[in-house]
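Chemist: Just so it is clear, I am handing over upload.cif, which has mmCIF, C-alpha atoms and all ligand atoms.
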```cif
data_upload
#
loop_
_atom_site.label_atom_id
_atom_site.label_comp_id
_atom_site.auth_asym_id
_atom_site.auth_seq_id
_atom_site.Cartn_x
_atom_site.Cartn_y
_atom_site.Cartn_z
CA MET A 5 99.41 78.73 89.61
CA PHE A 6 97.59 79.94 86.48
CA GLU A 7 99.08 81.69 83.53
CA ARG A 8 97.78 85.11 82.53
CA ILE A 9 97.26 85.13 78.79
CA ARG A 10 96.29 88.35 76.98
CA GLY A 11 95.24 89.93 80.26
CA ARG A 12 92.82 87.18 81.21
CA THR A 13 93.47 84.33 83.60
CA GLU A 14 92.91 81.15 81.64
CA THR A 15 92.83 77.66 82.99
CA ARG A 16 96.21 76.72 81.54
CA VAL A 17 97.84 75.41 84.67
CA THR A 18 101.57 75.98 84.88
CA GLY A 19 102.25 75.06 88.49
CA PRO A 20 103.15 71.89 90.33
CA GLU A 21 99.52 71.21 91.36
CA ALA A 22 98.69 70.25 87.76
CA LEU A 23 101.20 67.42 87.83
CA SER A 24 100.49 63.88 88.88
CA PRO A 25 102.41 62.85 92.01
CA ASP A 26 102.82 59.41 90.48
CA ASN A 27 104.66 59.22 87.20
CA LEU A 28 107.12 61.97 88.09
CA PRO A 29 110.48 61.69 86.38
CA GLN A 30 113.01 60.40 88.91
CA HIS A 31 115.88 62.00 87.09
CA VAL A 32 115.79 65.23 85.05
CA ALA A 33 118.87 66.35 83.10
CA ILE A 34 119.28 69.82 81.61
CA ILE A 35 121.51 71.30 78.90
CA MET A 36 121.55 74.94 80.01
CA ASP A 37 122.10 76.59 76.64
CA GLY A 38 121.71 80.19 75.43
CA ASN A 39 123.45 82.27 78.10
CA GLY A 40 125.77 83.93 75.56
CA ARG A 41 122.98 84.60 73.06
CA TRP A 42 120.76 85.99 75.81
CA ALA A 43 123.54 88.45 76.72
CA ARG A 44 124.38 89.42 73.13
CA GLU A 45 120.76 90.22 72.29
CA ARG A 46 120.71 92.57 75.26
CA GLY A 47 124.06 94.19 74.48
CA LEU A 48 125.53 92.70 77.65
CA PRO A 49 128.87 90.93 78.14
CA ARG A 50 128.71 87.12 78.06
CA ALA A 51 129.60 87.07 81.75
CA ALA A 52 126.27 88.74 82.48
CA GLY A 53 124.53 85.88 80.66
CA HIS A 54 126.37 83.26 82.70
CA ARG A 55 125.60 85.06 85.95
CA SER A 56 121.96 85.36 84.98
CA GLY A 57 122.08 81.65 84.12
CA MET A 58 123.05 80.98 87.72
CA GLN A 59 119.76 82.49 88.85
CA ALA A 60 117.99 80.06 86.54
CA VAL A 61 119.90 77.20 88.20
CA LYS A 62 118.38 78.29 91.50
CA ARG A 63 114.90 78.26 89.99
CA ALA A 64 115.41 74.80 88.48
CA VAL A 65 116.62 73.42 91.82
CA ARG A 66 113.65 74.97 93.60
CA ALA A 67 111.20 73.49 91.08
CA ALA A 68 112.81 70.04 91.24
CA ASN A 69 112.72 70.16 95.05
CA ARG A 70 109.08 71.23 95.08
CA LEU A 71 108.10 68.29 92.89
CA GLY A 72 110.16 65.79 94.86
CA ILE A 73 112.38 64.92 91.89
CA ARG A 74 115.17 62.58 93.04
CA TYR A 75 118.02 63.56 90.66
CA LEU A 76 118.74 66.78 88.78
CA THR A 77 121.80 66.78 86.50
CA LEU A 78 122.91 70.14 85.09
CA TYR A 79 125.41 70.47 82.23
CA ALA A 80 127.49 73.40 83.50
CA PHE A 81 130.74 73.01 81.54
CA SER A 82 131.57 70.64 78.69
CA THR A 83 134.93 69.28 77.58
CA GLU A 84 134.37 71.46 74.46
CA ASN A 85 134.03 74.67 76.49
CA TRP A 86 137.83 74.87 76.93
CA LYS A 87 137.93 76.25 73.35
CA ARG A 88 136.35 79.50 74.54
CA PRO A 89 138.49 82.60 75.26
CA LYS A 90 140.62 82.14 78.38
CA ALA A 91 139.01 85.07 80.15
CA GLU A 92 135.56 83.49 79.74
CA VAL A 93 136.79 80.08 80.93
CA ASP A 94 138.40 81.74 83.96
CA PHE A 95 135.13 83.49 84.72
CA LEU A 96 133.10 80.28 84.37
CA MET A 97 135.49 78.43 86.70
CA ARG A 98 134.64 80.92 89.44
CA LEU A 99 130.91 80.35 89.19
CA PRO A 100 130.78 77.13 91.24
CA GLN A 101 132.31 78.87 94.27
CA GLU A 102 130.21 81.97 93.68
CA PHE A 103 127.06 79.88 93.48
CA LEU A 104 127.93 77.80 96.53
CA ALA A 105 128.96 80.81 98.65
CA ILE A 106 125.40 82.07 98.27
CA GLU A 107 123.43 78.84 98.02
CA LEU A 108 125.14 76.10 100.03
CA ASP A 109 123.39 76.92 103.32
CA GLU A 110 119.99 76.81 101.62
CA LEU A 111 120.86 73.57 99.80
CA ILE A 112 121.78 72.04 103.16
CA ALA A 113 118.57 73.38 104.73
CA ASN A 114 116.62 71.75 101.90
CA ASN A 115 118.36 68.40 102.34
CA VAL A 116 119.98 68.57 98.86
CA GLN A 117 122.99 66.37 98.12
CA VAL A 118 125.56 67.95 95.77
CA ARG A 119 127.55 65.75 93.41
CA MET A 120 129.72 66.21 90.35
CA ILE A 121 130.41 64.21 87.19
CA GLY A 122 133.18 65.01 84.71
CA GLN A 123 136.96 64.99 84.66
CA ARG A 124 138.52 66.53 87.74
CA GLU A 125 141.84 66.81 85.91
CA GLY A 126 142.07 70.19 84.21
CA LEU A 127 139.74 71.97 86.62
CA PRO A 128 141.38 74.68 88.77
CA ALA A 129 142.08 73.81 92.41
CA HIS A 130 139.88 76.67 93.66
CA THR A 131 136.91 75.29 91.69
CA LEU A 132 137.41 71.75 92.95
CA GLU A 133 137.90 72.91 96.54
CA ALA A 134 134.55 74.72 96.57
CA ILE A 135 132.74 71.78 95.00
CA ASP A 136 134.44 69.22 97.26
CA GLU A 137 133.39 71.21 100.31
CA ALA A 138 129.78 71.21 99.07
CA ILE A 139 129.93 67.48 98.32
CA ARG A 140 131.38 66.77 101.76
CA ARG A 141 128.90 68.95 103.64
CA THR A 142 125.87 67.51 101.83
CA ALA A 143 127.00 63.87 101.60
CA GLY A 144 124.60 62.79 104.34
CA ASN A 145 121.54 64.50 102.84
CA CYS A 146 118.76 62.31 101.48
CA GLY A 147 116.76 64.83 99.40
CA LEU A 148 117.33 65.90 95.80
CA VAL A 149 120.67 64.81 94.31
CA LEU A 150 121.97 67.91 92.52
CA ASN A 151 124.52 66.60 90.08
CA PHE A 152 126.72 69.13 88.27
CA ALA A 153 128.34 67.97 85.02
CA LEU A 154 131.57 69.94 84.89
CA ASN A 155 134.37 69.28 82.40
CA TYR A 156 132.09 66.47 81.29
CA GLY A 157 131.93 64.78 77.90
CA SER A 158 130.08 61.58 77.17
CA ARG A 159 132.67 60.15 74.78
CA LYS A 160 135.42 60.78 77.33
CA GLU A 161 133.30 59.04 79.99
CA LEU A 162 132.75 56.03 77.68
CA LEU A 163 136.43 56.02 76.71
CA GLU A 164 137.45 55.82 80.38
CA ALA A 165 134.95 53.01 80.96
CA ALA A 166 136.42 51.12 77.99
CA ARG A 167 139.95 51.61 79.37
CA ALA A 168 138.89 50.36 82.79
CA LEU A 169 137.27 47.28 81.23
CA ALA A 170 140.35 46.63 79.08
CA ARG A 171 142.59 46.84 82.16
CA ASP A 172 140.31 44.41 84.00
CA ALA A 173 140.43 42.03 81.02
CA VAL A 174 144.22 42.20 80.65
CA GLU A 175 144.61 41.56 84.38
CA GLY A 176 142.28 38.58 84.10
CA ARG A 177 139.57 40.07 86.35
CA ILE A 178 136.92 39.93 83.62
CA ASP A 179 136.28 37.69 80.60
CA PRO A 180 135.76 39.91 77.48
CA ASP A 181 133.02 37.61 76.18
CA ALA A 182 131.15 37.88 79.48
CA ILE A 183 131.11 41.72 79.60
CA THR A 184 127.55 43.00 80.07
CA GLU A 185 125.83 46.38 79.86
CA ALA A 186 125.88 46.40 83.66
CA ASP A 187 129.70 46.15 83.54
CA ILE A 188 129.81 49.28 81.38
CA GLU A 189 127.23 51.07 83.55
CA ALA A 190 129.30 50.30 86.64
CA ARG A 191 132.27 52.15 85.09
CA LEU A 192 130.37 55.31 84.11
CA GLN A 193 130.51 58.38 86.33
CA THR A 194 126.76 58.09 86.85
CA SER A 195 127.10 54.57 88.21
CA GLY A 196 124.32 53.85 90.65
CA MET A 197 122.06 56.70 89.48
CA PRO A 198 118.90 56.02 87.53
CA GLU A 199 119.07 57.08 83.88
CA PRO A 200 117.49 60.48 83.11
CA ASP A 201 113.78 60.08 82.39
CA LEU A 202 113.64 63.56 80.90
CA LEU A 203 116.22 65.74 79.13
CA ILE A 204 115.53 69.46 78.86
CA ARG A 205 117.53 71.60 76.44
CA THR A 206 117.01 75.35 76.16
CA SER A 207 117.77 77.88 73.44
CA GLY A 208 116.33 76.06 70.44
CA GLU A 209 119.20 73.67 69.71
CA LEU A 210 118.00 70.15 68.95
CA ARG A 211 121.16 68.17 69.71
CA ILE A 212 122.56 65.98 72.48
CA SER A 213 126.05 67.54 72.16
CA ASN A 214 128.07 64.78 73.83
CA PHE A 215 125.91 64.81 76.99
CA MET A 216 125.13 61.48 78.72
CA MET A 217 124.78 59.59 75.44
CA TRP A 218 124.66 56.17 77.10
CA GLN A 219 122.29 57.29 79.84
CA LEU A 220 119.86 59.14 77.52
CA ALA A 221 119.14 56.09 75.35
CA TYR A 222 115.47 55.89 76.45
CA SER A 223 114.88 59.40 77.83
CA GLU A 224 112.09 61.72 76.79
CA LEU A 225 113.56 64.85 75.16
CA TRP A 226 112.01 68.29 75.70
CA PHE A 227 113.28 71.34 73.83
CA THR A 228 112.39 74.99 74.26
CA ASP A 229 113.43 78.15 72.40
CA VAL A 230 113.70 79.98 75.72
CA TYR A 231 117.29 81.00 76.59
CA TRP A 232 118.59 79.47 79.82
CA PRO A 233 118.61 82.80 81.76
CA GLU A 234 114.87 83.07 80.99
CA PHE A 235 114.09 79.56 82.24
CA THR A 236 111.58 79.67 85.10
CA GLU A 237 109.98 77.18 87.47
CA ALA A 238 106.92 77.26 85.18
CA HIS A 239 109.07 75.98 82.29
CA PHE A 240 110.26 73.13 84.49
CA TYR A 241 106.66 72.21 85.36
CA GLU A 242 105.69 72.50 81.69
CA ALA A 243 108.42 70.03 80.72
CA VAL A 244 107.41 67.59 83.44
CA GLY A 245 103.75 67.94 82.40
CA GLU A 246 104.69 67.06 78.83
CA TYR A 247 106.73 64.12 80.14
CA GLN A 248 103.66 62.89 82.01
CA ARG A 249 101.42 63.22 78.95
CA ARG A 250 103.90 61.30 76.80
CA THR A 251 104.45 58.47 79.27
CA ARG A 252 100.90 58.18 80.65
CA ARG A 253 100.07 55.21 78.45
CA TYR A 254 102.90 53.20 79.95
CA GLY A 255 101.09 53.25 83.29
CA GLY A 256 104.33 53.67 85.18
CA LEU A 257 106.10 50.95 83.20
CA LYS A 258 108.64 52.28 80.77
CA ASP A 259 109.23 51.27 77.15
CA GLY A 260 107.28 48.26 76.13
CA GLY A 261 105.68 47.71 79.48
CA GLU A 262 102.20 47.27 78.06
C1 LIG B 1 127.67 77.84 85.54
C2 LIG B 1 125.58 79.16 85.13
C3 LIG B 1 124.47 78.29 84.59
C4 LIG B 1 124.41 78.29 83.09
C5 LIG B 1 125.48 77.50 82.43
C6 LIG B 1 126.86 78.11 82.31
C7 LIG B 1 127.27 79.07 83.39
C8 LIG B 1 126.24 76.85 88.57
C9 LIG B 1 127.43 76.17 88.63
C10 LIG B 1 127.89 75.25 89.67
C11 LIG B 1 128.74 74.21 89.38
C12 LIG B 1 129.14 73.31 90.37
C13 LIG B 1 128.67 73.47 91.64
C14 LIG B 1 127.82 74.49 91.97
C15 LIG B 1 127.43 75.38 90.98
C16 LIG B 1 128.10 76.51 87.45
C17 LIG B 1 129.70 76.60 85.84
C18 LIG B 1 128.92 77.46 85.07
C19 LIG B 1 131.05 76.18 85.35
F1 LIG B 1 129.05 72.60 92.61
N1 LIG B 1 126.16 77.55 87.46
N2 LIG B 1 127.29 77.36 86.75
N3 LIG B 1 129.31 76.13 87.01
N4 LIG B 1 126.89 78.68 84.75
#
```
Render the structure in this file as structure tokens.

Modeler:
Amino acid sequence: MFERIRGRTETRVTGPEALSPDNLPQHVAIIMDGNGRWARERGLPRAAGHRSGMQAVKRAVRAANRLGIRYLTLYAFSTENWKRPKAEVDFLMRLPQEFLAIELDELIANNVQVRMIGQREGLPAHTLEAIDEAIRRTAGNCGLVLNFALNYGSRKELLEAARALARDAVEGRIDPDAITEADIEARLQTSGMPEPDLLIRTSGELRISNFMMWQLAYSELWFTDVYWPEFTEAHFYEAVGEYQRRTRRYGGLKDGGE
């Protein structure tokens, strides 16, 4: 895949063939920002931006699958998003079932395993039912883990881990002075997953916004001005290419491995 620039085909490679099969990120996380702005700039309702964002989710999943990425975590709804108008929240809460009604068969065919992180409490039953069905029907798949962060906030996740540790301490199951990072990790919702190697955020915002703060401690961060509905497979490959350039000198070992 070559990009056409000013009418000529230049040798700027934007496809998966330009990427090294070694040194792929195992886990890519994405903050899918800019759906509302994309819609506003086009004089469309915000719902149109969210729906268009769903098409970009499909493209990101396809790109991750094509590269053989192991984990893709998508920030679909934050604990802050409840502050939006009720009609918009209601619309967003229907997107998981809308997405899965169209995509679940293909996800199964592609051996994708669907998961969710975030607080189940507060999510409508119809949303959870659709997601639970997808989780159940893909539980045995061994391909890409497609992890949706829904009603997720990193501080809330860390707070719950702290509460669980405090309960264990009070009950005498753990000695406070012996608590390790692994004990915290084991109580996060991402327990057992590798940490994201690469975080992508669209729409020009340069913040972490309460997303996987513990897990992103050593991740490469890649930002683009492109709005999420405009995000293509080529952008995904571009981000992974940049990840490979940045981490090449580690020779597969991360952070201080030289
Ligand atoms: C949502 C579309 C993508 C841009 C970000 C906001 C809007 C896919 C899902 C989804 C969630 C769980 C699941 C399957 C699909 C989704 C929400 C919003 C709340 F199991 N896109 N998408 N969920 N948007």

Chemist: Near segment 43-51 of chain A, within 9 Å and counting only C-alpha atoms, which residues show up once chain neighbours fewer than 3 positions away are dropped, as a list in words?

Modeler: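 The residues that qualify are Gly38, Asn39, Gly40, His54, Arg55, Ser56, Glu92, Phe95 and Leu96 of chain A.
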
Chemist: Which value, in Å to one decimal, gives the distance between atom CA of Gln30 of chain A and atom CA of Arg74 of chain A?

Modeler: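 Taking atom CA of Gln30 of chain A as the start and atom CA of Arg74 of chain A as the end point, the length is 5.1 Å.
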
Chemist: Can you tell me how far atom CA of Arg253 of chain A sits from atom CA of Tyr222 of chain A, in Å to one decimal?

Modeler: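 Taking atom CA of Arg253 of chain A as the start and atom CA of Tyr222 of chain A as the end point, the length is 15.5 Å.
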
Chemist: If I take atom N2 of ligand LIG 1 (chain B) and atom CA of Leu78 of chain A, how far is one from the other in Å, to one decimal?

Modeler: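 Rounded to one decimal, the two atoms are 8.6 Å apart.
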
Chemist: When you count all atoms listed in the file, which of these residues is closest to ligand LIG 1 (chain B): A:Thr83, A:Ser223, A:Gln248, A:Ser158?

Modeler: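 Ranking A:Thr83, A:Ser223, A:Gln248, A:Ser158 by distance to ligand LIG 1 (chain B), first place goes to A:Thr83.
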
Chemist: Please determine an axis-aligned box that encloses all atoms of ligand LIG 1 (chain B) listed in the file, with 5 Å added on each side, and express its centre and edge lengths in Å to one decimal as lines of an AutoDock Vina configuration file.

Modeler:
```
center_x = 127.7
center_y = 75.9
center_z = 87.5
size_x = 16.6
size_y = 16.6
size_z = 20.3
```

Chemist: Given only C-alpha atoms and all ligand atoms, how would the per-residue table for chain A near ligand LIG 1 (chain B) read, listing every residue at most 8 Å away with its closest atom pair and distance in Å to one decimal, sorted by chain and number, as CSV?

Modeler:
```
residue,atom,partner,partner_atom,distance
A:Met36,CA,B:LIG1,C5,5.3
A:Asp37,CA,B:LIG1,C5,6.8
A:Asn39,CA,B:LIG1,C4,6.5
A:Gly53,CA,B:LIG1,C7,7.8
A:His54,CA,B:LIG1,C7,4.3
A:Arg55,CA,B:LIG1,C2,6.0
A:Ser56,CA,B:LIG1,C2,7.2
A:Gly57,CA,B:LIG1,C3,4.2
A:Met58,CA,B:LIG1,C2,4.1
A:Gln59,CA,B:LIG1,C3,7.6
A:Ala60,CA,B:LIG1,C3,7.0
A:Val61,CA,B:LIG1,C3,5.9
A:Tyr79,CA,B:LIG1,C5,7.0
A:Ala80,CA,B:LIG1,C17,4.5
A:Phe81,CA,B:LIG1,C19,5.0
A:Leu96,CA,B:LIG1,C19,4.7
A:Met97,CA,B:LIG1,C19,5.2
A:Arg98,CA,B:LIG1,C19,7.2
A:Leu99,CA,B:LIG1,N3,5.0
A:Pro100,CA,B:LIG1,C10,3.8
A:Gln101,CA,B:LIG1,C14,6.7
A:Glu102,CA,B:LIG1,C15,7.6
A:Phe103,CA,B:LIG1,C15,5.2
A:Leu104,CA,B:LIG1,C14,5.6
A:Val118,CA,B:LIG1,F1,6.6
A:Arg119,CA,B:LIG1,F1,7.1
A:Met120,CA,B:LIG1,F1,6.8
A:Ala134,CA,B:LIG1,F1,7.1
A:Ile135,CA,B:LIG1,F1,4.5
A:Asp136,CA,B:LIG1,F1,7.9
A:Ala138,CA,B:LIG1,F1,6.6
A:Ile139,CA,B:LIG1,F1,7.7
A:Asn151,CA,B:LIG1,F1,7.9
A:Phe152,CA,B:LIG1,C12,5.3
A:Ala153,CA,B:LIG1,C12,7.6
A:Leu154,CA,B:LIG1,C19,6.3
A:Trp232,CA,B:LIG1,C4,6.8
A:Pro233,CA,B:LIG1,C4,7.5
```

Chemist: Can you work out which one of A:Thr251, A:Val244, A:Glu84, A:Cys146 has the shortest atom-to-atom distance to Thr18 of chain A, counting only C-alpha atoms?

Modeler: A:Val244

Chemist: For Glu164 of chain A, work out the shell of residues within 12 Å, counting all atoms listed in the file and skipping chain neighbours fewer than 5 positions away, then give it as a PyMOL selection string.

Modeler: chain A and resi 122-123+156-159+169-171+188-193

Chemist: Would you list the contacts of Glu242 of chain A as a list of chain:residue names, taking every protein, DNA or RNA residue within 9 Å and counting all atoms listed in the file, but skipping same-chain residues closer than 5 positions in sequence?

Modeler: A:Val17, A:Thr18, A:Gly19, A:Glu237, A:Tyr247

Chemist: Would you fill the gaps in segment 75-99 of chain A so it has N, CA, C and O atoms, then print it as a tab-separated table (two decimals), keeping the file's coordinate frame?

Modeler:
```tsv
chain	number	residue	atom	x	y	z
A	75	TYR	N	116.71	63.19	91.23
A	75	TYR	CA	118.02	63.56	90.66
A	75	TYR	C	117.86	64.68	89.64
A	75	TYR	O	116.99	64.60	88.77
A	76	LEU	N	118.70	65.70	89.76
A	76	LEU	CA	118.74	66.78	88.78
A	76	LEU	C	120.20	66.92	88.32
A	76	LEU	O	121.07	67.22	89.14
A	77	THR	N	120.44	66.65	87.04
A	77	THR	CA	121.80	66.78	86.50
A	77	THR	C	121.86	67.98	85.57
A	77	THR	O	121.06	68.10	84.64
A	78	LEU	N	122.80	68.89	85.84
A	78	LEU	CA	122.91	70.14	85.09
A	78	LEU	C	124.26	70.18	84.37
A	78	LEU	O	125.32	70.02	84.99
A	79	TYR	N	124.18	70.41	83.04
A	79	TYR	CA	125.41	70.47	82.23
A	79	TYR	C	125.97	71.89	82.33
A	79	TYR	O	125.52	72.80	81.63
A	80	ALA	N	126.96	72.06	83.20
A	80	ALA	CA	127.49	73.40	83.50
A	80	ALA	C	128.70	73.75	82.67
A	80	ALA	O	128.95	74.93	82.38
A	81	PHE	N	129.52	72.72	82.31
A	81	PHE	CA	130.74	73.01	81.54
A	81	PHE	C	131.15	71.74	80.81
A	81	PHE	O	131.37	70.70	81.43
A	82	SER	N	131.25	71.83	79.49
A	82	SER	CA	131.57	70.64	78.69
A	82	SER	C	133.07	70.59	78.40
A	82	SER	O	133.77	71.60	78.54
A	83	THR	N	133.51	69.42	77.97
A	83	THR	CA	134.93	69.28	77.58
A	83	THR	C	135.23	70.19	76.37
A	83	THR	O	136.38	70.51	76.13
A	84	GLU	N	134.19	70.56	75.62
A	84	GLU	CA	134.37	71.46	74.46
A	84	GLU	C	134.54	72.91	74.88
A	84	GLU	O	135.08	73.73	74.12
A	85	ASN	N	134.05	73.27	76.06
A	85	ASN	CA	134.03	74.67	76.49
A	85	ASN	C	135.43	75.26	76.73
A	85	ASN	O	135.58	76.48	76.82
A	86	TRP	N	136.45	74.37	76.78
A	86	TRP	CA	137.83	74.87	76.93
A	86	TRP	C	138.25	75.69	75.73
A	86	TRP	O	139.22	76.46	75.80
A	87	LYS	N	137.57	75.52	74.57
A	87	LYS	CA	137.93	76.25	73.35
A	87	LYS	C	137.54	77.73	73.43
A	87	LYS	O	137.92	78.51	72.55
A	88	ARG	N	136.77	78.10	74.42
A	88	ARG	CA	136.35	79.50	74.54
A	88	ARG	C	137.53	80.37	74.99
A	88	ARG	O	138.52	79.87	75.49
A	89	PRO	N	137.40	81.71	74.83
A	89	PRO	CA	138.49	82.60	75.26
A	89	PRO	C	138.84	82.35	76.73
A	89	PRO	O	137.97	82.09	77.55
A	90	LYS	N	140.15	82.47	77.03
A	90	LYS	CA	140.62	82.14	78.38
A	90	LYS	C	139.90	82.96	79.45
A	90	LYS	O	139.57	82.44	80.52
A	91	ALA	N	139.66	84.21	79.15
A	91	ALA	CA	139.01	85.07	80.15
A	91	ALA	C	137.61	84.54	80.50
A	91	ALA	O	137.20	84.58	81.66
A	92	GLU	N	136.91	84.03	79.47
A	92	GLU	CA	135.56	83.49	79.74
A	92	GLU	C	135.64	82.20	80.54
A	92	GLU	O	134.86	81.98	81.47
A	93	VAL	N	136.61	81.33	80.18
A	93	VAL	CA	136.79	80.08	80.93
A	93	VAL	C	137.12	80.40	82.40
A	93	VAL	O	136.54	79.81	83.32
A	94	ASP	N	138.03	81.36	82.59
A	94	ASP	CA	138.40	81.74	83.96
A	94	ASP	C	137.18	82.22	84.74
A	94	ASP	O	137.00	81.88	85.91
A	95	PHE	N	136.35	83.00	84.06
A	95	PHE	CA	135.13	83.49	84.72
A	95	PHE	C	134.21	82.33	85.09
A	95	PHE	O	133.71	82.24	86.22
A	96	LEU	N	134.00	81.42	84.13
A	96	LEU	CA	133.10	80.28	84.37
A	96	LEU	C	133.59	79.44	85.55
A	96	LEU	O	132.79	78.95	86.35
A	97	MET	N	134.91	79.28	85.64
A	97	MET	CA	135.49	78.43	86.70
A	97	MET	C	135.32	79.03	88.09
A	97	MET	O	135.60	78.38	89.09
A	98	ARG	N	134.92	80.30	88.14
A	98	ARG	CA	134.64	80.92	89.44
A	98	ARG	C	133.17	80.80	89.83
A	98	ARG	O	132.81	81.07	90.98
A	99	LEU	N	132.34	80.39	88.88
A	99	LEU	CA	130.91	80.35	89.19
A	99	LEU	C	130.53	79.28	90.22
A	99	LEU	O	129.67	79.55	91.07
```
